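See below for the structure under consideration.
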Amino acid sequence: MNIVVCIKQVPETTEVKVDPKTNALIREGVKSIVNPFDENAIEAALQLREAHGGKVTVICMGPPQADEALRHALAMGADEAILLCDPASRGSDTLATSYTLAQVIRKIGDYDLILCGKQAIDGDTGQVGPGLAERLGLPQITFAIGLELADGKLRARRVLDDFFEVIEVKLPAVVTVVKQINEPRFPGMRNVLKAKKAQITKWTAADIEADLTQTGFDGSPTTVIKVWPPERRSSGTMLEGSTDEVVSALAKAIKELNIAVGS
Amino acid sequence: MAVKLITDNCTGCRLCLRACPYSAIDIVEDRAGFNANCTQCGACASSCKFGAILLEVTFTRDVDTTQYRGLWVVAEHLHGEFRRGTYELLGKGRELADKRGAELCAVLLGDQVQGRAADLIARGADRVYLAQDPVLAHYRTGPYTDVLAGMINQFKPEMVLVSATPQGRDLAPRVAARISAGLTADCTGLDIDEAEGLLVQTRPAFGGNLMATIVCRQARPQMATVRPGVMKALDPDASRQGEVVTILVHLDERAVIAKIVEIVQQEDEGRINLQDAQIIVSGGRGLGKPENFSLIRELAEALGGAVGASRAAVDAGWIPAYHQVGQTGRTVQPRLYIACGISGAVQHLAGMGSSDVIVAINKDPLAPVFGVATYGIVGDLFEVVPALTKKLREVL
């Protein structure tokens with residue numbers, strides 16, 4: 001059972017600030033972490049390996065410092081880590097990212113299952129998992145909250161709007177997982193130290209035979225033209241006085257809205 | 001995009017015949033060949049075990065964008081009912097299509113759903129493309145992708161909108177990758193740029209802490225998933241005229257890899273439809289313990305509204321997750337939203353900020369929720385909420 005987990009390095013907080021002059025994100029002083037949903041994907045992979053044997057390979061596309069994210073995955077227990085790092089992939093949107101990761105996975109070659117988090121907490125798109133599945137011509141199962149393996153088949157429980165769906169596919173397949181699937185393990189100090197010294201394989205666009213028109217800015221059909229902090233609605237009326245006074249004023253205002261009760 | 005036949009590799013096994021939704025493959029002298037029905041949907045490529053059919057997908061900046069016309073909305077239905085987001089997309093789509101001087105078309109995939117097409121026209125569509133087959137009865141990624149990709153290749157819409165529901169967020173990126181389209185996720189704002197005629201897509205990122213505007217200049221169609229609960233639906237108008245175009249498809253269950261084993265509906269209360277509620281009363285951390293949600297329920301009852309909750313209350317296990325309003329829960333836009341004991345994290349505000357009237361009741365005068373409130377009350381919710389419930393029972 002060879003499992004590939006795709007992870008992304010993201011800022012630790014979503015409370016990011018924008019430079020009002022340049023519209024660029026202020027990244028200074030913001031720590032980087034493994035995207036939390038991807039930690040769930042790593043944990044799911046480790047649990048499957050523990051039950052069925054095999055190997056867990058973690059891959060990441062990003063700048064050289066993204067090797068920190070891979071070391072965290074190794075400390076959690078992953079067997080191998082590959083960083084795809086190439087300036088040519090900078091500026092990739094989800095289409096270009098799914099192409100690039102698919103090339104990495106093609107080069108790995110021997111895989112039964114590919115796991116991703118349901119989305120990254122910075123972009124919040126959730127588009128790379130399905131894009132990757134399409135590129136590799138594999139079935140996809142998104143929003144998985146439970147996984148079971150039997151006879152080369154994967155049975156997954158998906159959590160949707162107001163129902164669950166249990167779906168079964170033949171492997172290989174691509175699965176994206178939600179937070180509730182598990183509780184990611186916390187690596188012990190010994191494993192953290194070991195992971196610090198571990199070997200991380202670094203591949204460039206040439207190593208994965210990437211078509212340079214399909215990755216980075218060139219391979220991205222979408223362009224971000226503006227970024228800004230959301231506007232706050234200007235504040236309304238503060239109701240003041242005794243409880244009886246404020247409640248009466250509010251009840252009057254609500255009555256005047258004239259919303260049919262029960263509609 | 002193009003499907004390419006490597007005839008030397010073909011064994012005449014007929015797997016592709018089974019996979020093709022458009023009856024576009026003939027086997028002649030033990031070799032597969034495409035006929036004029038081919039929409040280049042790509043279904044055959046993934047079915048071939050012998051490397052005889054290749055799907056060549058390359059994003060290219062040389063797309064002739066003038067060939068693409070019209071705005072499509074992909075309809076989503078469950079148990080024979082359209083999801084509200086579909087009507088919202090048609091409402092917004094109508095406005096955008098008029099601005100662009102283009103037709104608004106709805107795409108309806110399913111089994112025996114022809115009776116529902118008129119509803120899409122009443123909600124704003126000029127035309128409905130209808131594809132029906134028993135295999136399409138319940139949504140599955142594979143067959144829906146094959147059929148939709150084929151339709152897009154055939155009719156070349158300029159823009160395609162899909163609801164950012166779990167189904168839409170499963171389908172849209174798969175289709176976009178199949179046809180090399182640009183796709184923007186979970187949009188909360190859409191407009192047409194007057195100079196270039198482009199779809200201008202606005203969306204939150206970083207959990208709602210940041211807004212981004214995104215365009216897709218070269219690739220076509222311009223695709224977007226759109227957050228439910230943000231756009232306004234049109235009232236149904238049964239006198240609206242429109243056309244239903246049937247697309248003939250033939251699917252074979254044996255070619256579908258994913259099998260649905262079971263569908264489990266959540267218990268009745270789980271179906272409380274926050275997105276359809278005109279009035280929502282929500283409780284947060286300030287309630288202190290699960291039993292105190294009874295205060296929220298009583299106020300909601302007095303108003304005939306639904307019960308919502310902040311993430312803090314859900315994470316504490318006080319109330320099930322399907323009540324959650326916010327970035328990771330539901331986005332709602334009721335006529336009246338009453339937030340009790342909710343401080344107003346940006347993720348919560350992202351989910352309810354477009355409500356018509358917002359009432360905030362909180363003991364902390366600095367709570368960010370007051371920044372979006374139409375009416376704010378700084379006070380003890382354990383006093384204010386029961387008093388308000390009592391008062392409303394008298395006056396309503």
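Please note that chains go A, B, ... in the order of the structure tokens, that every chain numbers its residues from 1, and that ligands are numbered from 1 in the order shown.
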Using only C-alpha atoms, what table do you get, as a Markdown table, when you list each residue of chain A with an atom no more than 6 Å from chain B, its nearest pair of atoms, and their distance in Å rounded to one decimal, rows by chain then rising number?
| residue | atom | partner | partner_atom | distance |
| --- | --- | --- | --- | --- |
| A:Thr14 | CA | B:Phe206 | CA | 4.8 |
| A:Asp122 | CA | B:Phe206 | CA | 4.4 |
| A:Gly123 | CA | B:Ala205 | CA | 5.3 |
| A:Thr125 | CA | B:Ala185 | CA | 5.2 |
| A:Gln127 | CA | B:Pro173 | CA | 5.3 |
| A:Pro130 | CA | B:Arg174 | CA | 5.2 |
| A:Gly131 | CA | B:Ala177 | CA | 5.2 |
| A:Glu134 | CA | B:Arg174 | CA | 5.9 |
| A:Gly137 | CA | B:Ser46 | CA | 5.7 |
| A:Leu160 | CA | B:Pro166 | CA | 5.8 |
| A:Asp162 | CA | B:Gln266 | CA | 6.0 |
| A:Phe163 | CA | B:Gln265 | CA | 4.4 |
| A:Phe164 | CA | B:Val264 | CA | 5.0 |
| A:Glu165 | CA | B:Ile263 | CA | 4.5 |
| A:Val166 | CA | B:Glu262 | CA | 5.0 |
| A:Ile167 | CA | B:Ile260 | CA | 4.5 |
| A:Glu168 | CA | B:Lys259 | CA | 5.2 |
| A:Val169 | CA | B:Ala258 | CA | 4.8 |
| A:Pro221 | CA | B:Gly182 | CA | 4.9 |
| A:Thr222 | CA | B:Cys216 | CA | 4.4 |
| A:Thr223 | CA | B:Val215 | CA | 5.4 |
| A:Val224 | CA | B:Ile214 | CA | 4.4 |
| A:Ile225 | CA | B:Ile214 | CA | 5.7 |
| A:Lys226 | CA | B:Thr213 | CA | 5.1 |
| A:Val227 | CA | B:Ala212 | CA | 4.3 |
| A:Trp228 | CA | B:Met211 | CA | 5.3 |
| A:Pro229 | CA | B:Leu210 | CA | 4.7 |
| A:Pro230 | CA | B:Met211 | CA | 5.8 |
| A:Arg233 | CA | B:Val372 | CA | 5.1 |
| A:Ser235 | CA | B:Gly371 | CA | 5.0 |
| A:Gly236 | CA | B:Thr374 | CA | 4.3 |
| A:Thr237 | CA | B:Tyr375 | CA | 4.9 |
| A:Met238 | CA | B:Gly376 | CA | 4.5 |
| A:Leu239 | CA | B:Ile377 | CA | 5.4 |
| A:Val247 | CA | B:Leu388 | CA | 5.3 |
| A:Ala251 | CA | B:Leu392 | CA | 5.8 |
| A:Val261 | CA | B:Gly304 | CA | 5.1 |
| A:Gly262 | CA | B:Gly304 | CA | 3.9 |
*Nearby residues (only C-alpha atoms) at most 7 Å from region 241-243 of chain B, same-chain spacing under 3 positions excluded, as a PyMOL selection string*: chain B and resi 121+125-128
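Every protein or nucleic acid residue with an atom no more than 12 Å from Glu29 (chain B), counting only C-alpha atoms and leaving out same-chain residues fewer than 5 positions away, appears here: Thr7, Cys10, Thr11, Gly12, Cys13 and Arg14 of chain B.
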Atoms kept (C-alpha atoms) for selection, written as a PDB file, in the first residue's frame:
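See selection-v2.pdb below for the written result:
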ATOM      1  CA  THR B   7      -4.981   2.877 -33.446  1.00  0.00           C
ATOM      2  CA  CYS B  10      -6.434  -0.566 -29.861  1.00  0.00           C
ATOM      3  CA  THR B  11      -7.605  -4.119 -29.174  1.00  0.00           C
ATOM      4  CA  GLY B  12     -11.242  -3.523 -30.046  1.00  0.00           C
ATOM      5  CA  CYS B  13     -12.215  -4.389 -26.459  1.00  0.00           C
ATOM      6  CA  ARG B  14     -15.211  -1.998 -26.470  1.00  0.00           C
TER       7      ARG B  14
END
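Minimum distance to Lys156 (chain B) across B:Thr66, B:Ser239, B:Ser282, B:Ser355 (counting only C-alpha atoms) occurs at B:Thr66.
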*With only C-alpha atoms as the atoms that count, which of B:Ile53, B:Ile192, B:Cys20, B:Ile296 lies nearest to Arg94 (chain B)?*
B:Ile192
_Point-to-point distance from CA of Val175 (chain A) to CA of Gln140 (chain A), Å rounded to tenths_ = 5.7 Å
_Picked from region 107-315 of chain B by DSSP as helix (DSSP H, G or I), as a ChimeraX atom specification_ = /B:114-122,134-136,141-155,166-179,206-208,253-255,268-271,274-276,285-287,290-303,311-315
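The shortest atom-to-atom distance to Val332 (chain B), with only C-alpha atoms taken into account, belongs to B:Arg227 out of B:Arg227, B:Lys363, B:Arg100, B:Lys49.
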*Which residues, written as a PyMOL selection string, have at least one atom at most 10 Å from Asp211 (chain A), with only C-alpha atoms counted and residues fewer than 6 positions away on the same chain left out?*
(chain A and resi 99-100+103+205+219) or (chain B and resi 58)
Write a file of the selected residues as an mmCIF file, in the first residue's frame, keeping N, CA, C and O atoms.
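Listed below is the output, selection_5.cif:
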data_model
loop_
_atom_site.group_PDB
_atom_site.id
_atom_site.type_symbol
_atom_site.label_atom_id
_atom_site.label_comp_id
_atom_site.auth_asym_id
_atom_site.auth_seq_id
_atom_site.Cartn_x
_atom_site.Cartn_y
_atom_site.Cartn_z
ATOM 1 N N TYR A 99 -1.545 20.342 -12.115
ATOM 2 C CA TYR A 99 -0.672 19.787 -13.155
ATOM 3 C C TYR A 99 0.687 19.423 -12.567
ATOM 4 O O TYR A 99 1.211 18.322 -12.781
ATOM 5 N N THR A 100 1.260 20.364 -11.820
ATOM 6 C CA THR A 100 2.618 20.181 -11.312
ATOM 7 C C THR A 100 2.685 19.016 -10.320
ATOM 8 O O THR A 100 3.580 18.169 -10.395
ATOM 9 N N GLN A 103 2.544 15.746 -12.049
ATOM 10 C CA GLN A 103 3.841 15.354 -12.629
ATOM 11 C C GLN A 103 4.745 14.729 -11.561
ATOM 12 O O GLN A 103 5.457 13.764 -11.825
ATOM 13 N N ALA A 205 11.493 21.514 -11.827
ATOM 14 C CA ALA A 205 10.547 21.322 -12.935
ATOM 15 C C ALA A 205 11.136 20.370 -13.976
ATOM 16 O O ALA A 205 10.414 19.564 -14.571
ATOM 17 N N GLY A 219 1.098 28.829 -16.707
ATOM 18 C CA GLY A 219 0.118 27.747 -16.774
ATOM 19 C C GLY A 219 -1.168 28.049 -16.029
ATOM 20 O O GLY A 219 -1.997 27.169 -15.860
ATOM 21 N N THR B 58 -4.029 20.658 -22.565
ATOM 22 C CA THR B 58 -2.991 21.648 -22.319
ATOM 23 C C THR B 58 -3.644 23.009 -22.259
ATOM 24 O O THR B 58 -4.431 23.370 -23.136
#
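Closest approach to Leu96 (chain B) among B:Gly317, B:Gly70, B:Gly341, B:Gly351 is made by B:Gly70 (distances from only C-alpha atoms).
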*Which polymer residues have any atom within 6 Å of an atom of region 145-149 of chain A, counting only C-alpha atoms, with same-chain residues fewer than 4 positions away left out, as an MDAnalysis selection string?*
chainID A and resid 153:158 178 181
Please dump the current selection as a compact mmCIF listing (two decimals), in the first residue's frame; keep all heavy atoms.
# COMPACT_ATOMS: atom_id res chain seq x y z
N LYS A 153 -10.29 -2.39 -2.50
CA LYS A 153 -11.32 -1.38 -2.67
C LYS A 153 -11.31 -0.44 -1.48
O LYS A 153 -11.03 -0.84 -0.36
CB LYS A 153 -12.70 -2.04 -2.77
CG LYS A 153 -12.98 -2.56 -4.15
CD LYS A 153 -14.39 -3.03 -4.24
CE LYS A 153 -14.66 -3.64 -5.61
NZ LYS A 153 -15.86 -4.47 -5.58
N LEU A 154 -11.63 0.81 -1.77
CA LEU A 154 -11.67 1.81 -0.71
C LEU A 154 -13.13 2.22 -0.51
O LEU A 154 -13.82 2.56 -1.46
CB LEU A 154 -10.85 3.03 -1.12
CG LEU A 154 -10.80 4.15 -0.09
CD1 LEU A 154 -9.90 3.77 1.07
CD2 LEU A 154 -10.28 5.43 -0.73
N ARG A 155 -13.54 2.15 0.74
CA ARG A 155 -14.90 2.57 1.06
C ARG A 155 -14.78 3.84 1.91
O ARG A 155 -14.07 3.85 2.92
CB ARG A 155 -15.61 1.46 1.82
CG ARG A 155 -17.07 1.70 1.99
CD ARG A 155 -17.70 0.48 2.62
NE ARG A 155 -18.13 -0.48 1.60
CZ ARG A 155 -19.25 -1.21 1.73
NH1 ARG A 155 -20.00 -1.11 2.80
NH2 ARG A 155 -19.59 -2.06 0.77
N ALA A 156 -15.41 4.91 1.46
CA ALA A 156 -15.26 6.18 2.17
C ALA A 156 -16.62 6.74 2.53
O ALA A 156 -17.60 6.59 1.79
CB ALA A 156 -14.52 7.18 1.29
N ARG A 157 -16.67 7.37 3.69
CA ARG A 157 -17.87 8.06 4.13
C ARG A 157 -17.63 9.53 3.85
O ARG A 157 -16.64 10.11 4.29
CB ARG A 157 -18.04 7.80 5.62
CG ARG A 157 -19.37 8.18 6.21
CD ARG A 157 -19.38 7.67 7.66
NE ARG A 157 -20.43 8.28 8.44
CZ ARG A 157 -21.68 7.80 8.50
NH1 ARG A 157 -22.00 6.72 7.83
NH2 ARG A 157 -22.57 8.41 9.23
N ARG A 158 -18.52 10.14 3.07
CA ARG A 158 -18.38 11.56 2.73
C ARG A 158 -19.39 12.36 3.50
O ARG A 158 -20.53 11.95 3.65
CB ARG A 158 -18.64 11.80 1.23
CG ARG A 158 -17.76 11.05 0.30
CD ARG A 158 -18.19 11.35 -1.14
NE ARG A 158 -17.89 12.73 -1.49
CZ ARG A 158 -18.59 13.46 -2.35
NH1 ARG A 158 -19.66 12.97 -2.92
NH2 ARG A 158 -18.24 14.71 -2.62
N VAL A 178 -11.72 15.70 5.56
CA VAL A 178 -12.15 16.81 6.42
C VAL A 178 -11.51 16.67 7.80
O VAL A 178 -10.98 15.61 8.15
CB VAL A 178 -13.69 16.88 6.54
CG1 VAL A 178 -14.34 17.07 5.19
CG2 VAL A 178 -14.25 15.64 7.23
N ILE A 181 -12.10 13.72 10.43
CA ILE A 181 -11.75 12.33 10.15
C ILE A 181 -10.87 11.72 11.24
O ILE A 181 -10.94 10.54 11.52
CB ILE A 181 -11.10 12.17 8.75
CG1 ILE A 181 -11.00 10.69 8.37
CG2 ILE A 181 -9.73 12.82 8.70
CD1 ILE A 181 -10.55 10.43 6.94
*Measuring atom to atom with only C-alpha atoms, identify which of A:Leu113, A:Ile121, A:Leu70, A:Ala45 is nearest to Val16 (chain A).*
A:Ile121
_Exercise: Thr215 (chain A) partners within 12 Å, only C-alpha atoms, chain neighbours under 3 positions left out, as a ChimeraX atom specification_ = /A:61,84-103,204-206,208-212,218-221 /B:58-60
N, CA and C atoms of the current selection, written as a CSV table (one decimal), in the first residue's frame:
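Okay, this is what ended up in again-v8.csv:
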chain,number,residue,atom,x,y,z
A,61,MET,N,4.8,21.3,-2.9
A,61,MET,CA,5.3,22.3,-3.9
A,61,MET,C,5.4,23.6,-3.2
A,84,LEU,N,9.0,19.8,-4.4
A,84,LEU,CA,9.1,20.3,-5.7
A,84,LEU,C,9.3,21.8,-5.6
A,85,CYS,N,10.5,22.2,-6.0
A,85,CYS,CA,10.9,23.6,-5.7
A,85,CYS,C,11.5,24.1,-7.0
A,86,ASP,N,10.8,25.0,-7.6
A,86,ASP,CA,11.3,25.6,-8.9
A,86,ASP,C,10.7,27.0,-9.1
A,87,PRO,N,11.5,28.0,-9.4
A,87,PRO,CA,11.0,29.3,-9.6
A,87,PRO,C,9.9,29.3,-10.7
A,88,ALA,N,10.0,28.4,-11.6
A,88,ALA,CA,9.1,28.3,-12.8
A,88,ALA,C,7.7,28.0,-12.3
A,89,SER,N,7.5,27.4,-11.1
A,89,SER,CA,6.2,27.1,-10.6
A,89,SER,C,5.6,28.2,-9.7
A,90,ARG,N,6.3,29.3,-9.6
A,90,ARG,CA,5.8,30.4,-8.8
A,90,ARG,C,4.6,31.0,-9.4
A,91,GLY,N,3.6,31.3,-8.6
A,91,GLY,CA,2.4,32.0,-9.2
A,91,GLY,C,1.4,31.0,-9.7
A,92,SER,N,1.6,29.7,-9.5
A,92,SER,CA,0.6,28.7,-10.0
A,92,SER,C,-0.8,28.9,-9.4
A,93,ASP,N,-1.8,28.9,-10.2
A,93,ASP,CA,-3.2,28.8,-9.6
A,93,ASP,C,-3.5,27.4,-9.4
A,94,THR,N,-4.8,27.0,-9.2
A,94,THR,CA,-5.1,25.7,-8.8
A,94,THR,C,-4.9,24.7,-10.0
A,95,LEU,N,-5.2,25.2,-11.2
A,95,LEU,CA,-5.0,24.4,-12.4
A,95,LEU,C,-3.5,24.0,-12.6
A,96,ALA,N,-2.7,25.0,-12.5
A,96,ALA,CA,-1.2,24.8,-12.7
A,96,ALA,C,-0.7,24.0,-11.5
A,97,THR,N,-1.2,24.2,-10.3
A,97,THR,CA,-0.7,23.4,-9.2
A,97,THR,C,-1.1,21.9,-9.3
A,98,SER,N,-2.3,21.7,-9.8
A,98,SER,CA,-2.7,20.3,-10.0
A,98,SER,C,-1.9,19.6,-11.1
A,99,TYR,N,-1.5,20.3,-12.1
A,99,TYR,CA,-0.7,19.8,-13.2
A,99,TYR,C,0.7,19.4,-12.6
A,100,THR,N,1.3,20.4,-11.8
A,100,THR,CA,2.6,20.2,-11.3
A,100,THR,C,2.7,19.0,-10.3
A,101,LEU,N,1.7,19.0,-9.4
A,101,LEU,CA,1.7,17.9,-8.4
A,101,LEU,C,1.5,16.5,-9.1
A,102,ALA,N,0.7,16.5,-10.2
A,102,ALA,CA,0.4,15.3,-11.0
A,102,ALA,C,1.7,14.8,-11.6
A,103,GLN,N,2.5,15.7,-12.0
A,103,GLN,CA,3.8,15.4,-12.6
A,103,GLN,C,4.7,14.7,-11.6
A,204,THR,N,13.2,19.6,-9.3
A,204,THR,CA,12.9,20.8,-10.0
A,204,THR,C,11.9,20.5,-11.1
A,205,ALA,N,11.5,21.5,-11.8
A,205,ALA,CA,10.5,21.3,-12.9
A,205,ALA,C,11.1,20.4,-14.0
A,206,ALA,N,12.5,20.4,-14.2
A,206,ALA,CA,13.1,19.6,-15.1
A,206,ALA,C,13.0,18.1,-14.7
A,208,ILE,N,10.8,16.6,-13.1
A,208,ILE,CA,9.4,16.0,-13.3
A,208,ILE,C,9.0,16.2,-14.7
A,209,GLU,N,9.9,16.6,-15.6
A,209,GLU,CA,9.6,16.8,-17.0
A,209,GLU,C,8.3,17.7,-17.2
A,210,ALA,N,8.3,18.8,-16.4
A,210,ALA,CA,7.2,19.7,-16.5
A,210,ALA,C,7.2,20.5,-17.8
A,211,ASP,N,6.1,20.6,-18.4
A,211,ASP,CA,5.9,21.5,-19.5
A,211,ASP,C,5.8,22.9,-18.9
A,212,LEU,N,6.7,23.8,-19.2
A,212,LEU,CA,6.8,25.1,-18.5
A,212,LEU,C,5.6,26.0,-18.9
A,218,ASP,N,2.6,31.1,-16.2
A,218,ASP,CA,2.2,30.8,-17.6
A,218,ASP,C,1.1,29.7,-17.7
A,219,GLY,N,1.1,28.8,-16.7
A,219,GLY,CA,0.1,27.7,-16.8
A,219,GLY,C,-1.2,28.0,-16.0
A,220,SER,N,-1.3,29.3,-15.6
A,220,SER,CA,-2.4,29.7,-14.7
A,220,SER,C,-3.4,30.5,-15.5
A,221,PRO,N,-4.6,30.0,-15.8
A,221,PRO,CA,-5.6,30.9,-16.5
A,221,PRO,C,-6.2,32.0,-15.6
B,58,THR,N,-4.0,20.7,-22.6
B,58,THR,CA,-3.0,21.6,-22.3
B,58,THR,C,-3.6,23.0,-22.3
B,59,PHE,N,-3.3,23.7,-21.2
B,59,PHE,CA,-3.8,25.1,-21.1
B,59,PHE,C,-3.0,25.9,-22.1
B,60,THR,N,-3.7,26.6,-23.0
B,60,THR,CA,-3.0,27.4,-23.9
B,60,THR,C,-3.6,28.8,-23.9
*Just the strand (DSSP E) stuff from region 153-255 of chain A, please, per backbone DSSP, written as a ChimeraX atom specification.*
/A:153-159,163-170,173-177,201-203,222-228,237-239
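Pairwise distance (CA of Asp62 (chain B), CA of Met159 (chain B)) equals 17.5 Å.
The spacing separating CA of Leu89 (chain B) from CA of Gly168 (chain B) amounts to 12.2 Å.
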